$ cat entry_20.tsv   # TSV, C-alpha atoms
chain	number	residue	atom	x	y	z
A	23	MET	CA	-11.86	-26.04	-33.02
A	24	LYS	CA	-14.82	-28.43	-33.33
A	25	ALA	CA	-14.40	-29.46	-29.69
A	26	ARG	CA	-14.39	-25.84	-28.59
A	27	ASN	CA	-17.50	-25.03	-30.62
A	28	HIS	CA	-19.25	-28.08	-29.22
A	29	VAL	CA	-18.73	-26.74	-25.71
A	30	LEU	CA	-18.81	-22.97	-26.22
A	31	GLY	CA	-20.99	-22.60	-29.29
A	32	GLU	CA	-20.36	-21.56	-32.87
A	33	SER	CA	-20.38	-17.84	-32.03
A	34	GLY	CA	-17.15	-18.06	-30.04
A	35	ASP	CA	-18.76	-16.31	-27.08
A	36	THR	CA	-16.37	-16.37	-24.12
A	37	ALA	CA	-19.05	-16.01	-21.44
A	38	LEU	CA	-19.07	-19.68	-20.45
A	39	LEU	CA	-15.28	-19.88	-20.31
A	40	GLU	CA	-15.17	-16.68	-18.25
A	41	HIS	CA	-17.63	-18.24	-15.82
A	42	ILE	CA	-15.47	-21.37	-15.53
A	43	LEU	CA	-12.35	-19.26	-14.97
A	44	SER	CA	-14.14	-17.25	-12.28
A	45	LEU	CA	-14.35	-20.45	-10.23
A	46	THR	CA	-10.54	-20.61	-10.05
A	47	ASP	CA	-8.11	-18.02	-8.70
A	48	ALA	CA	-6.24	-15.06	-10.15
A	49	LYS	CA	-2.87	-16.85	-10.35
A	50	THR	CA	-4.38	-19.78	-12.25
A	51	VAL	CA	-6.19	-17.49	-14.68
A	52	ALA	CA	-3.07	-15.41	-15.32
A	53	ALA	CA	-1.04	-18.54	-16.04
A	54	SER	CA	-3.63	-19.69	-18.60
A	55	ILE	CA	-3.60	-16.53	-20.74
A	56	THR	CA	-1.09	-17.93	-23.26
A	57	THR	CA	-3.22	-21.04	-23.99
A	58	CYS	CA	-4.64	-19.56	-27.20
A	59	LYS	CA	-6.11	-16.29	-28.50
A	60	PHE	CA	-9.68	-17.30	-27.68
A	61	TRP	CA	-8.69	-18.27	-24.16
A	62	ALA	CA	-6.75	-15.01	-23.72
A	63	VAL	CA	-9.87	-12.97	-24.52
A	64	ALA	CA	-11.73	-14.73	-21.72
A	65	ALA	CA	-8.81	-14.74	-19.28
A	66	LEU	CA	-8.26	-10.98	-19.69
A	67	SER	CA	-11.93	-10.08	-19.36
A	68	ASP	CA	-12.46	-6.88	-17.39
A	69	ALA	CA	-15.54	-8.37	-15.72
A	70	LEU	CA	-13.52	-11.38	-14.57
A	71	TRP	CA	-10.62	-9.32	-13.19
A	72	GLN	CA	-12.95	-6.76	-11.72
A	73	ASP	CA	-14.28	-9.55	-9.49
A	74	PHE	CA	-10.73	-10.61	-8.61
A	75	CYS	CA	-9.90	-6.99	-7.73
A	76	GLU	CA	-12.90	-6.72	-5.43
A	77	GLN	CA	-11.89	-9.94	-3.67
A	78	LEU	CA	-8.26	-8.84	-3.32
A	79	TRP	CA	-9.10	-5.32	-2.14
A	80	HIS	CA	-11.78	-6.35	0.36
A	81	GLU	CA	-11.05	-4.59	3.68
A	82	LYS	CA	-7.71	-3.28	2.39
A	83	VAL	CA	-6.99	0.24	3.61
A	84	TYR	CA	-4.54	1.44	0.95
A	85	VAL	CA	-4.86	0.24	-2.63
A	86	ARG	CA	-2.49	1.81	-5.14
A	87	HIS	CA	-2.44	1.41	-8.92
A	88	ALA	CA	-2.13	3.61	-11.97
A	89	PRO	CA	-5.41	5.33	-12.91
A	90	GLY	CA	-7.33	4.27	-15.99
A	91	VAL	CA	-5.70	0.85	-16.45
A	92	ARG	CA	-7.67	-2.31	-17.16
A	93	ALA	CA	-8.71	-4.49	-14.25
A	94	PHE	CA	-6.00	-7.11	-14.99
A	95	LYS	CA	-3.22	-4.51	-14.62
A	96	ALA	CA	-4.89	-2.84	-11.64
A	97	PHE	CA	-4.98	-6.20	-9.84
A	98	TRP	CA	-1.30	-6.99	-10.30
A	99	GLN	CA	-0.07	-3.43	-9.84
A	100	SER	CA	-1.88	-3.20	-6.50
A	101	PHE	CA	-0.71	-6.67	-5.43
A	102	ASN	CA	2.92	-5.88	-6.23
A	103	ASP	CA	2.61	-2.51	-4.50
A	104	SER	CA	1.34	-4.24	-1.34
A	105	LEU	CA	4.74	-5.98	-1.13
A	106	ARG	CA	6.55	-2.64	-1.10
A	107	SER	CA	8.07	-1.59	2.23
A	108	SER	CA	9.61	1.63	0.95
A	109	ILE	CA	7.32	4.56	1.74
A	110	THR	CA	7.32	7.74	-0.34
A	111	ALA	CA	7.57	11.20	1.13
A	112	ASP	CA	4.17	12.02	-0.38
A	113	GLU	CA	2.62	9.04	1.40
A	114	LEU	CA	4.33	9.88	4.65
A	115	THR	CA	2.95	13.43	4.63
A	116	SER	CA	-0.48	12.55	3.21
A	117	PHE	CA	-1.48	10.07	5.92
A	118	ALA	CA	-2.65	10.81	9.44
A	119	TRP	CA	-0.78	8.68	11.98
A	120	SER	CA	-1.54	7.11	15.35
A	121	PHE	CA	1.36	7.19	17.82
A	122	ARG	CA	1.90	4.80	20.72
A	123	PHE	CA	4.80	3.75	22.92
A	124	ARG	CA	5.87	0.11	22.63
A	125	THR	CA	7.73	-0.12	25.93
A	126	ASP	CA	7.50	1.19	29.49
A	127	HIS	CA	9.18	4.33	28.15
A	128	ARG	CA	5.63	5.60	27.54
A	129	THR	CA	5.12	5.97	31.31
A	130	LEU	CA	7.57	8.87	31.26
A	131	HIS	CA	4.83	10.82	29.54
A	132	GLY	CA	2.03	9.66	31.80
A	133	LEU	CA	0.44	7.38	29.20
A	134	SER	CA	-1.21	4.04	29.90
A	135	ALA	CA	-0.31	0.92	27.93
A	136	GLY	CA	-3.16	1.38	25.48
A	137	ALA	CA	-2.91	5.15	25.04
A	138	VAL	CA	-2.75	6.41	21.45
A	139	ALA	CA	-2.02	9.94	20.28
A	140	GLN	CA	-2.25	11.59	16.88
A	141	ALA	CA	0.87	12.45	14.89
A	142	LYS	CA	1.67	14.12	11.61
A	143	PHE	CA	4.53	14.44	9.14
A	144	THR	CA	4.61	17.69	7.17
A	145	ALA	CA	6.62	18.36	4.05
A	146	GLY	CA	9.62	20.65	3.96
A	147	GLU	CA	11.23	22.51	1.08
A	148	GLU	CA	13.02	19.34	-0.04
A	149	ALA	CA	10.96	16.24	-0.87
A	150	TRP	CA	12.91	13.90	1.43
A	151	LYS	CA	12.56	15.81	4.71
A	152	GLY	CA	10.24	17.96	6.80
A	153	HIS	CA	8.81	18.24	10.31
A	154	PHE	CA	7.08	15.82	12.69
A	155	SER	CA	4.61	16.72	15.44
A	156	SER	CA	2.46	14.68	17.81
A	157	GLY	CA	-0.13	14.98	20.53
A	158	VAL	CA	1.86	12.99	23.09
A	159	GLY	CA	1.62	15.01	26.27
A	160	GLY	CA	5.03	16.10	27.51
A	161	ALA	CA	6.89	14.74	24.49
A	162	PRO	CA	9.20	17.15	22.61
A	163	SER	CA	7.19	16.61	19.41
A	164	SER	CA	4.08	18.02	21.12
A	165	VAL	CA	5.93	21.21	22.10
A	166	ARG	CA	7.70	21.93	18.84
A	167	PRO	CA	8.01	20.21	15.46
A	168	LEU	CA	10.94	17.83	15.15
A	169	ARG	CA	12.95	17.31	11.98
A	170	TRP	CA	12.29	14.12	9.97
A	171	TRP	CA	14.05	12.77	6.90
A	172	LEU	CA	14.23	9.67	4.74
A	173	VAL	CA	17.25	7.47	5.41
A	174	MET	CA	19.48	5.66	2.93
A	175	GLN	CA	21.18	2.33	3.61
A	176	GLY	CA	24.04	3.10	5.96
A	177	GLY	CA	22.06	5.73	7.85
A	178	GLN	CA	22.80	8.78	5.71
A	179	GLU	CA	20.12	11.31	4.83
A	180	ALA	CA	18.47	10.27	1.57
A	181	VAL	CA	19.26	13.46	-0.35
A	182	GLU	CA	17.06	13.85	-3.44
A	183	CYS	CA	15.48	10.45	-2.72
A	184	THR	CA	11.67	10.33	-2.63
A	185	SER	CA	11.16	6.96	-0.91
A	186	SER	CA	12.86	4.82	1.73
A	187	SER	CA	12.31	1.84	4.03
A	188	THR	CA	13.66	3.86	6.96
A	189	VAL	CA	12.52	7.20	8.41
A	190	ARG	CA	14.40	9.21	11.02
A	191	VAL	CA	12.82	11.67	13.47
A	192	SER	CA	15.58	13.59	15.26
A	193	PRO	CA	16.94	12.87	17.82
A	194	TYR	CA	15.40	9.40	18.08
A	195	PRO	CA	16.42	5.97	16.65
A	196	PRO	CA	15.42	5.26	13.04
A	197	LEU	CA	11.90	4.02	12.29
A	198	THR	CA	11.66	0.90	10.14
A	199	VAL	CA	8.85	0.86	7.59
A	200	GLN	CA	6.53	-2.17	7.62
A	201	ARG	CA	3.23	-3.14	5.97
A	202	THR	CA	0.16	-4.56	7.69
A	203	PRO	CA	-2.00	-7.46	6.44
A	204	LYS	CA	-4.56	-4.83	5.36
A	205	TRP	CA	-1.87	-3.01	3.34
A	206	GLY	CA	-1.57	-0.17	5.83
A	207	TRP	CA	1.75	1.24	7.07
A	208	VAL	CA	3.65	0.98	10.35
A	209	LEU	CA	6.77	2.91	11.36
A	210	ALA	CA	8.48	1.39	14.39
A	211	ASN	CA	11.62	1.33	16.48
A	212	GLN	CA	12.31	-0.20	19.88
A	213	PHE	CA	10.39	2.56	21.65
A	214	VAL	CA	7.45	3.71	19.51
A	215	GLU	CA	5.07	2.62	16.79
A	216	LEU	CA	3.20	4.83	14.33
A	217	SER	CA	0.31	3.37	12.33
A	218	SER	CA	-1.29	5.00	9.30
A	219	HIS	CA	-4.96	5.73	9.72
A	220	GLU	CA	-7.34	3.45	7.82
A	221	GLU	CA	-9.32	4.50	4.78
A	222	VAL	CA	-6.94	7.29	3.78
A	223	GLU	CA	-7.47	8.53	0.23
A	224	PHE	CA	-4.28	9.21	-1.70
A	225	HIS	CA	-4.13	11.15	-4.96
A	226	ASN	CA	-0.85	11.69	-6.75
A	227	GLY	CA	-1.23	10.36	-10.26
A	228	GLU	CA	-2.09	6.98	-8.79
A	229	ASN	CA	-5.23	6.13	-6.87
A	230	SER	CA	-7.41	3.58	-5.19
A	231	SER	CA	-10.34	3.44	-7.62
A	232	VAL	CA	-11.64	-0.12	-7.89
A	233	LEU	CA	-13.20	-0.32	-11.32
A	234	PRO	CA	-11.56	0.45	-14.65
A	235	ALA	CA	-13.17	2.96	-16.98

$ encode --input "entry_20.tsv" --output "structure tokens"
Amino acid sequence: MKARNHVLGESGDTALLEHILSLTDAKTVAASITTCKFWAVAALSDALWQDFCEQLWHEKVYVRHAPGVRAFKAFWQSFNDSLRSSITADELTSFAWSFRFRTDHRTLHGLSAGAVAQAKFTAGEEAWKGHFSSGVGGAPSSVRPLRWWLVMQGGQEAVECTSSSTVRVSPYPPLTVQRTPKWGWVLANQFVELSSHEEVEFHNGENSSVLPA
């Protein structure tokens, strides 16, 4: 106690300790929380974790955490969510998508190697399926909407399931869900790749607000 007061002052102000912790990283600070009660106050400081959140979320295109939580929880919720490769039906239908061919198959539709078209998933009556359309000239999805659905392991339709790591657009091969370094989304098979547009706002009980109330 005397040693702490000698360094931090009799008042027990955590400002100096918070400053010292800010020079480390989020993982180190989180691991130090159980040191003692005084240390925990500093290590859970909203100001400290607000800075960590801003560093973590810099240039990220899709940040997801529960609304109204403290900065510490927002940081770890968003980090853990960035590891998720299972997309929800709400996310699938909320984003705008860019469509491109990955192979020479794209030449069948008169597109150059770098050509990109817009695409969209719309919701159906059930949460796990709907319709897909695109602006790819000559492609069936540009003429009429195609059926899409979430896929379970084994390839079956994910009935009453609201998220999946595989999406099927009939009659084409399944699309595997992947994440980008900027926390965006990619749906891909051997022929095509769909990328979620950047800076998409998503509101469904969870959001991308940076600072806690």

$ atom_distance --input "entry_20.tsv" --atom1 "atom CA of Asn102 of chain A" --atom2 "atom CA of Ala37 of chain A"
28.6 Å

$ atom_distance --input "entry_20.tsv" --atom1 "atom CA of Val191 of chain A" --atom2 "atom CA of Val165 of chain A"
14.6 Å

$ atom_distance --input "entry_20.tsv" --atom1 "atom CA of Thr115 of chain A" --atom2 "atom CA of Thr144 of chain A"
5.2 Å

$ residues_near_point --input "entry_20.tsv" --point "(14.8, 3.3, 11.8)" --cutoff "12 Å" --atoms "all atoms listed in the file" --output "PyMOL selection string"
chain A and resi 170-179+186-200+208-216

$ residues_around --input "entry_20.tsv" --residues "Ala145 of chain A" --least-positions-apart "6" --cutoff "12 Å" --atoms "all atoms listed in the file" --output "ChimeraX atom specification"
/A:110-117,151-155,167-172,184

$ residues_around --input "entry_20.tsv" --residues "Trp207 of chain A" --least-positions-apart "2" --cutoff "6 Å" --atoms "only C-alpha atoms" --output "list of chain:residue names"
A:Gln200, A:Arg201, A:Ser217, A:Ser218

$ closest_residue --input "entry_20.tsv" --among "A:Glu148, A:Glu81, A:Glu40, A:Asp47" --to "Leu66 of chain A" --atoms "all atoms listed in the file"
A:Glu40

$ axis_aligned_box --input "entry_20.tsv" --around "segment 104-115 of chain A" --padding-each-side "4 Å" --output "JSON"
{"center_x": 5.5, "center_y": 3.7, "center_z": 1.7, "size_x": 16.3, "size_y": 27.4, "size_z": 14.0}

$ residues_around --input "entry_20.tsv" --residues "Ser54 of chain A" --least-positions-apart "2" --cutoff "12 Å" --atoms "only C-alpha atoms" --output "list in words"
Leu39, Glu40, Leu43, Thr46, Asp47, Ala48, Lys49, Thr50, Val51, Ala52, Thr56, Thr57, Cys58, Lys59, Phe60, Trp61, Ala62, Val63, Ala64, Ala65 and Leu66 of chain A

$ residues_around --input "entry_20.tsv" --residues "Asp103 of chain A" --least-positions-apart "2" --cutoff "12 Å" --atoms "only C-alpha atoms" --output "number ranges by chain"
A: 84-88, 95-101, 105-109, 201, 205-206, 228-230

$ closest_residue --input "entry_20.tsv" --among "A:Pro89, A:His219, A:Ser44, A:Leu70" --to "Ala139 of chain A" --atoms "only C-alpha atoms"
A:His219
